[in-house]
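J.: Got a structure for you, questions after.
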4 protein chains.
Amino acid sequence: MTITKNRLEAFSDGVLAIIITIMVLELKVPHEPDLAALIPLLPIFLSYILSFIYIGIYWNNHHHLLHTVIKVSGGILWANLHLLFWLSLFPFVTGWMGENHFALVPTAVYGIILLMAAIAYYILQTTIIRQQGEKSILAKAVGKDLKGKISPILYLAAIALVFINPIISQSLYVLVALLWVIPDKRIERVLFEE
Amino acid sequence: MTITKNRLEAFSDGVLAIIITIMVLELKVPHEPDLAALIPLLPIFLSYILSFIYIGIYWNNHHHLLHTVIKVSGGILWANLHLLFWLSLFPFVTGWMGENHFALVPTAVYGIILLMAAIAYYILQTTIIRQQGEKSILAKAVGKDLKGKISPILYLAAIALVFINPIISQSLYVLVALLWVIPDKRIERVLFEE
Amino acid sequence: MTITKNRLEAFSDGVLAIIITIMVLELKVPHEPDLAALIPLLPIFLSYILSFIYIGIYWNNHHHLLHTVIKVSGGILWANLHLLFWLSLFPFVTGWMGENHFALVPTAVYGIILLMAAIAYYILQTTIIRQQGEKSILAKAVGKDLKGKISPILYLAAIALVFINPIISQSLYVLVALLWVIPDKRIERVLFEE
Amino acid sequence: MTITKNRLEAFSDGVLAIIITIMVLELKVPHEPDLAALIPLLPIFLSYILSFIYIGIYWNNHHHLLHTVIKVSGGILWANLHLLFWLSLFPFVTGWMGENHFALVPTAVYGIILLMAAIAYYILQTTIIRQQGEKSILAKAVGKDLKGKISPILYLAAIALVFINPIISQSLYVLVALLWVIPDKRIERVLFEE
C-alpha cells in the first residue's frame with residue numbers, strides 16, 4: 001500500500017510543481033528592452049514571491065502530513081484533491097492581485113483563497129487523524145495546532161480589514177507566511193525524538 | 001518489471017497533474033479590480049470545477065486499475081496513452097463550454113470527449129484483464145462493472161438531450177461525476193478483504 | 001546508483017509529460033459556440049494527434065533504452081538532455097504545421113525536427129552501448145536496428161519530397177509513426193527470454 | 001527519511017522539467033508558413049538554447065548535490081526552494097533577452113538572474129555541508145570549488161561589461177555554461193573512488 005501513498009505524493013508534487021511554475025507566466029515578457037518596462041511588473045513580481053512562498057509552505061507541510069499516512073483511503077484522496085483545487089487557483093488570484101497593484105477586491109479574494117486552502121488543509125489533516133484512530137501519530141504531533149488555528153483567523157481578519165486598508169491585509173498575509181516558513185517542528189519532534 | 005509499471009504510473013500522473021493544472025489557465029486574469037469582473041468568469045469556473053472532479057476521478061480509478069498490473073505490455077502502454085489523449089482534450093472542451101456559457105454545441109462536444117475517455121478507459125481495463133488471464137484479480141474486482149456500463153449510456157443520453165436543453169446534459173455530467181466520486185469499493189474490497 | 005537512473009527517468013518523464021500536454025494549448029479555444037468554429041482547428045488537431053503519437057513512441061522507446069542502463073554517466077546525461085531539447089520543439093513545429101494547414105515549409109521543418117530527434121536518440125543509444133562495453137545488453141537487443149536506420153532515411157526523403165507535394169511527406173511521417181507504434185520487440189525479447 | 005529526500009528530488013525535478021519546457025512557449029508560433037517567419041525567432045531560439053543548457057546544468061549539479069544528503073532539514077528545504085525561485089525566472093528573462101535581440105538591459109538582467117541562482121546554489125551547498133558536519137562528504141567533494149567561485153565573478157563581469165558591449169556579456173554566459181557542461185567530476189571522484 002506504500003505505492004498508493006507514493007502515487008498520492010507524486011501526483012500532489014506534480015500539481016504543486018506546476019502551480020508554482022505557471023504562476024511565473026503572469027509575468028508577461030515586456031516588449032521594450034529597458035528597465036522602465038520592468039516597473040509595471042513589480043507588483044506582479046511581489047505577489048509572485050508571496051504566492052511562491054505559500055505554495056512552498058503547503059508543499060512542506062503536506063509532506064509532513066502524509067509522512068504519517070500508511071493507508072490512503074478514498075476520504076484522504078478526495079480531501080487531498082480538494083486541497084489541490086484551492087491551491088490551483090493561486091496563479092489566478094496572484095495574477096489578479098498583482099496586475100491591479102494590490103487593489104481592495106483582488107486583495108480580499110486572495111485572502112478568501114488562502115482561507116479556503118487553509119480549511120481544505122485542516123479537513124485533510126482531520127481525515128488522516130480520524131483514520132489513524134486514537135493512537136494517531138499525527139494527532140500527537142499536531143497537538144494543540146496553534147499555528148493551524150491562528151492562520152484562518154488572521155486570513156479572516158485580513159479579508160475584513162481590506163475595507164480599511166488593503167496594506168493591512170497584505171501585511172497579515174506576509175505575517176502568516178513568516179509564521180509557517182519555519183518547518184513544522186511539532187511533527188518533526190514527535191517523529192524523530194520518540 | 002515493477003520499475004516499468006512505476007514509470008507508466010509516473011508518466012500518467014505527470015500528464016494528469018498537468019492537465020488538471022493548465023485547465024485553470026482558461027480562467028483569464030481580468031484587468032478590472034472589482035467583483036463585477038469575476039462574474040463573466042463564473043461559467044468557466046463552474047466548468048473548471050466539473051472537469052477538475054472528472055480528472056480526479058480518472059486519476060483515482062486509473063490508480064486502482066494499475067494496482068493489479070504486474071507486467072506492462074505494449075498493448076497496455078498504448079491503451080494508456082490512448083486514454084491520456086482524450087483526457088488531454090479536457091482543458092480545450094472545458095474552456096470552450098465555460099466561455100460560451102454552456103451553449104448547446106460545446107456542451108455536446110464536452111459529452112463526446114467524456115464518452116471517448118470512458119471508452120478509452122474501458123479498452124485499457126479490458127487490455128489489462130485479457131493479459132492477466134482467467135484468474136485476473138481485476139476482472140474479479142470489476143465484476144459486473146455497473147458504473148462502468150452506465151456512464152457511457154448516460155453520456156450518450158446527455159449528448160442526445162442537449163438538443164432539448166443543455167441543462168439536462170450538464171445535470172447528467174454532474175450525476176455521473178457524483179456516481180464516481182465514491183472510490184471504487186469493488187476493487188478495494190477484493191484486494192484487501194481476500 | 002539506481003537512484004540516479006530513477007531521477008534521469010523521472011526528469012525525462014516530466015519533460016515528456018509536459019511536452020505532450022502543452023501541445024494541446026495550440027488548440028486555441030474558439031469564441032463561437034458552433035461546430036463551424038471547430039473546422040479551422042481540424043488541421044491543428046490532426047497535427048496534434050501525429051505529434052502525440054510521436055512523443056508516445058519516444059517515451060516508450062526511451063523507457064526500453066534506459067531499462068538496460070546501470071550507471072548514468074555525464075555523457076548519458078547530456079545525450080539525454082540533447083534528445084529532450086529536440087523533443088521540446090515539437091509543440092512549436094506541431095502548432096506551426098497545423099495552423100498553416102500542412103503548408104510546404106512548416107511540413108519540411110517538422111521533418112527536420114523529427115530527424116534531429118532521431119539523430120539525438122541514436123546518439124543516446126550509442127552512448128549507452130559504448131559505456132556498457134562489449135557485452136552490452138542493449139547492443140544485443142538493438143541488433144541491426146533496422147527501424148532505427150530506416151526512420152532517418154524516411155525523414156530525409158519526406159523533407160526532400162515536400163517540394164513535390166507536402167502530402168507525400170505527411171504520409172511518410174504517418175508511416176514512420178506506424179512502424180514504431182509496435183513496441184520494440186527486439187529489446188523485450190532479449191531482456192525477458194534469455 | 002530517504003522518502004523525504006526522494007520527495008525533495010521529485011519536486012525539484014518537476015519544477016525544473018516545467019521550467020525547461022515552458023521556456024519554449026516564448027517561441028510564439030508564427031502565422032506565415034515561410035522560412036522568413038522563422039528569422040525574427042532566431043534570437044529567441046538562441047537564448048532558449050542557452051537557458052536550456054543552464055537549466056540542464058543546474059539539474060545535473062543539483063542531482064550530485066542531493067546525492068550526499070541523508071536527512072532533509074527545514075534549512076535545506078527552504079534553501080532548495082530559494083534556488084528554484086530564481087530558476088523559475090529563467091523563462092521570463094530568456095524571453096525578454098531573446099525578444100529584444102540581446103539588448104543591453106535584458107542582457108544585464110539575464111546575468112543578474114544567473115548570479116542570483118549561483119548564489120542560491122552556493123547557499124544550498126553550504127547548508128548541506130553545515131548539516132553534515134566536519135566529515136561532510138560533500139565538503140570533501142567540493143574541495144576548493146574553483147568553478148563555483150569563478151562563475152559568479154564571471155557573471156558580475158558580464159553584468160558590468162554589458163555597458164561596453166552586450167556581446168562580451170553573452171560570450172561570458174556561454175563560457176560559464178561550457179565550464180559546467182562537463183559533469184562535476186570532483187563529486188563523482190570522491191563518491192565512487194573512495
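Lettering and numbering for the C-alpha cells are positional, with chains as A, B, ... in the shown order, residues counted from 1 in each chain, and ligands counted from 1 in the shown order.
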Contacts from chain B to chain A, 7 Å maximum, only C-alpha atoms: show me the residue list as a list in words.
T.: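 Therefore, the residues near the partner are Asp13, Gly14, Ala17, Ile18, Thr21, Val29, Pro30, Pro33, Asp34, Leu35, Gly56 and Pro183 of chain B.
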J.: Could those selected residues go to a file with N, CA, C and O atoms, as a compact mmCIF listing (two decimals), in the first residue's frame?
T.:
```txt
# COMPACT_ATOMS: atom_id res chain seq x y z
N ASP B 13 0.66 10.09 -14.08
CA ASP B 13 0.47 11.09 -13.03
C ASP B 13 0.91 12.46 -13.50
O ASP B 13 0.24 13.46 -13.25
N GLY B 14 2.05 12.50 -14.18
CA GLY B 14 2.57 13.77 -14.69
C GLY B 14 1.58 14.41 -15.65
O GLY B 14 1.22 15.57 -15.51
N ALA B 17 -1.56 15.50 -13.81
CA ALA B 17 -1.28 16.69 -12.98
C ALA B 17 -1.21 17.95 -13.84
O ALA B 17 -1.70 19.00 -13.45
N ILE B 18 -0.62 17.83 -15.02
CA ILE B 18 -0.52 18.99 -15.91
C ILE B 18 -1.89 19.35 -16.46
O ILE B 18 -2.27 20.52 -16.50
N THR B 21 -3.98 21.12 -13.99
CA THR B 21 -3.48 22.44 -13.62
C THR B 21 -3.58 23.45 -14.76
O THR B 21 -3.89 24.62 -14.53
N VAL B 29 -7.02 36.10 -16.23
CA VAL B 29 -6.99 37.15 -15.21
C VAL B 29 -7.65 38.42 -15.77
O VAL B 29 -7.21 38.95 -16.80
N PRO B 30 -8.73 38.93 -15.11
CA PRO B 30 -9.39 40.13 -15.63
C PRO B 30 -8.56 41.37 -15.33
O PRO B 30 -7.75 41.39 -14.39
N PRO B 33 -10.23 45.57 -11.25
CA PRO B 33 -10.05 45.05 -9.90
C PRO B 33 -11.36 45.01 -9.10
O PRO B 33 -11.36 45.27 -7.93
N ASP B 34 -12.50 44.69 -9.74
CA ASP B 34 -13.74 44.65 -8.97
C ASP B 34 -14.44 43.29 -9.12
O ASP B 34 -14.12 42.51 -10.01
N LEU B 35 -15.42 43.06 -8.25
CA LEU B 35 -16.12 41.78 -8.25
C LEU B 35 -16.87 41.55 -9.56
O LEU B 35 -16.99 40.40 -10.03
N GLY B 56 -9.86 14.14 -11.42
CA GLY B 56 -9.62 13.50 -10.13
C GLY B 56 -10.15 12.06 -10.12
O GLY B 56 -9.48 11.14 -9.66
N PRO B 183 -14.90 6.26 -4.16
CA PRO B 183 -13.85 5.43 -4.77
C PRO B 183 -14.36 4.01 -5.01
O PRO B 183 -15.27 3.54 -4.34
```
J.: Would you return as a PyMOL selection string the members of stretch 109-173 of chain C that DSSP assigns to helix (DSSP H, G or I) on this structure's backbone?
T.: chain C and resi 109-132+137-142+146-161+166-173
J.: Name the residues in contact with B:Ile168 at a cut-off of 12 Å, using only C-alpha atoms, excluding same-chain residues fewer than 2 positions from it; report them as a PyMOL selection string.
T.: chain B and resi 102+104+107-108+111+154-155+157-166+170-175
J.: Export N, CA, C and O atoms of the chosen residues as a short mmCIF file (atom, residue, chain, number, x, y, z; two decimals), in the first residue's frame?
T.:
```
data_model
loop_
_atom_site.label_atom_id
_atom_site.label_comp_id
_atom_site.auth_asym_id
_atom_site.auth_seq_id
_atom_site.Cartn_x
_atom_site.Cartn_y
_atom_site.Cartn_z
N PHE B 102 -22.10 27.34 -21.39
CA PHE B 102 -22.77 26.05 -21.51
C PHE B 102 -23.75 26.00 -22.68
O PHE B 102 -24.84 25.44 -22.56
N LEU B 104 -25.26 24.97 -26.43
CA LEU B 104 -25.63 23.66 -26.96
C LEU B 104 -24.44 22.85 -27.50
O LEU B 104 -24.13 21.77 -26.98
N THR B 107 -21.51 21.99 -25.13
CA THR B 107 -21.95 21.02 -24.14
C THR B 107 -21.97 19.61 -24.73
O THR B 107 -21.55 18.65 -24.07
N ALA B 108 -22.43 19.50 -25.98
CA ALA B 108 -22.45 18.19 -26.64
C ALA B 108 -21.03 17.68 -26.86
O ALA B 108 -20.73 16.51 -26.61
N GLY B 111 -19.53 16.31 -23.86
CA GLY B 111 -20.04 14.95 -23.63
C GLY B 111 -19.33 13.92 -24.50
O GLY B 111 -19.06 12.80 -24.06
N LEU B 154 -25.16 7.15 -20.02
CA LEU B 154 -25.58 8.47 -19.56
C LEU B 154 -24.94 9.59 -20.39
O LEU B 154 -25.57 10.60 -20.67
N TYR B 155 -23.68 9.39 -20.80
CA TYR B 155 -23.03 10.40 -21.66
C TYR B 155 -23.79 10.49 -22.99
O TYR B 155 -24.06 11.59 -23.49
N ALA B 157 -26.87 9.71 -23.59
CA ALA B 157 -28.15 10.37 -23.33
C ALA B 157 -27.94 11.88 -23.25
O ALA B 157 -28.70 12.66 -23.84
N ALA B 158 -26.89 12.30 -22.53
CA ALA B 158 -26.62 13.73 -22.36
C ALA B 158 -26.35 14.39 -23.71
O ALA B 158 -26.82 15.51 -23.97
N ILE B 159 -25.60 13.70 -24.59
CA ILE B 159 -25.30 14.27 -25.91
C ILE B 159 -26.59 14.42 -26.73
O ILE B 159 -26.80 15.43 -27.40
N ALA B 160 -27.47 13.42 -26.62
CA ALA B 160 -28.73 13.48 -27.38
C ALA B 160 -29.66 14.56 -26.80
O ALA B 160 -30.27 15.33 -27.54
N LEU B 161 -29.75 14.61 -25.47
CA LEU B 161 -30.71 15.51 -24.81
C LEU B 161 -30.29 16.97 -24.88
O LEU B 161 -31.06 17.86 -24.50
N VAL B 162 -29.05 17.23 -25.34
CA VAL B 162 -28.59 18.61 -25.46
C VAL B 162 -29.51 19.41 -26.39
O VAL B 162 -29.67 20.62 -26.23
N PHE B 163 -30.13 18.69 -27.34
CA PHE B 163 -30.99 19.38 -28.30
C PHE B 163 -32.32 19.80 -27.67
O PHE B 163 -32.99 20.68 -28.17
N ILE B 164 -32.69 19.14 -26.58
CA ILE B 164 -33.88 19.57 -25.83
C ILE B 164 -33.48 20.73 -24.90
O ILE B 164 -34.00 21.83 -25.03
N ASN B 165 -32.49 20.46 -24.04
CA ASN B 165 -32.00 21.52 -23.17
C ASN B 165 -30.62 21.15 -22.63
O ASN B 165 -30.47 20.11 -21.98
N PRO B 166 -29.61 22.00 -22.90
CA PRO B 166 -28.26 21.67 -22.42
C PRO B 166 -28.19 21.46 -20.91
O PRO B 166 -27.31 20.75 -20.43
N GLN B 170 -25.91 18.85 -18.73
CA GLN B 170 -24.97 19.21 -17.68
C GLN B 170 -25.32 18.51 -16.36
O GLN B 170 -24.44 18.08 -15.63
N SER B 171 -26.63 18.37 -16.10
CA SER B 171 -27.04 17.66 -14.88
C SER B 171 -26.57 16.21 -14.94
O SER B 171 -26.15 15.63 -13.94
N LEU B 172 -26.65 15.62 -16.13
CA LEU B 172 -26.20 14.23 -16.28
C LEU B 172 -24.69 14.13 -16.05
O LEU B 172 -24.21 13.17 -15.43
N TYR B 173 -23.93 15.12 -16.56
CA TYR B 173 -22.48 15.09 -16.34
C TYR B 173 -22.18 15.16 -14.84
O TYR B 173 -21.29 14.47 -14.33
N VAL B 174 -22.93 16.01 -14.13
CA VAL B 174 -22.73 16.14 -12.69
C VAL B 174 -23.11 14.82 -12.00
O VAL B 174 -22.40 14.33 -11.11
N LEU B 175 -24.21 14.23 -12.45
CA LEU B 175 -24.69 12.96 -11.87
C LEU B 175 -23.62 11.86 -12.00
O LEU B 175 -23.30 11.17 -11.03
#
```
J.: Compile the contact shell of B:Ile128 as a ChimeraX atom specification: residues with an atom at most 7 Å away, counting only C-alpha atoms, same-chain residues fewer than 3 positions apart removed.
T.: /B:69,76,124-125,131-132
J.: Suppose you want the space between atom CA of B:Pro152 and atom CA of B:Ile167; what is it in Å?
T.: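 Here the two named atoms are 18.1 Å from each other.
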J.: Take atom CA of A:Leu178 and atom CA of A:Ser51 and report the distance between them in Å, one decimal.
T.: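 Distance reported for this atom pair: 12.3 Å.
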J.: Tell me, as a ChimeraX atom specification, which residues lie within 10 Å of A:Gly148, counting only C-alpha atoms; anything in the same chain fewer than 6 positions away does not count.
T.: /A:118-119,121-122,142,180
J.: Keeping C-alpha atoms for every residue in the selection just given, could you write it to a file as a PDB file, in the first residue's frame?
T.:
```pdb
ATOM      1  CA  ALA A 118      -6.327  26.523   4.995  1.00  0.00           C
ATOM      2  CA  ILE A 119      -9.766  24.960   5.587  1.00  0.00           C
ATOM      3  CA  TYR A 121      -5.720  21.558   4.689  1.00  0.00           C
ATOM      4  CA  TYR A 122      -7.494  21.265   8.041  1.00  0.00           C
ATOM      5  CA  VAL A 142      -0.133  18.346  15.689  1.00  0.00           C
ATOM      6  CA  TRP A 180       4.891  28.964   8.593  1.00  0.00           C
TER       7      TRP A 180
END
```
J.: Considering only C-alpha atoms, state which residue in the set A:Ser169, A:Val176, A:Leu65, A:Ser151 is at the smallest distance from A:Ala139.
T.: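 Once distances to A:Ala139 are computed over only C-alpha atoms, the minimum belongs to A:Leu65.
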J.: For atom CA of A:Leu41 and atom CA of D:Ser47, quote the distance in Å rounded to one decimal.
T.: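 Straight-line distance from atom CA of A:Leu41 to atom CA of D:Ser47 works out to 21.5 Å.
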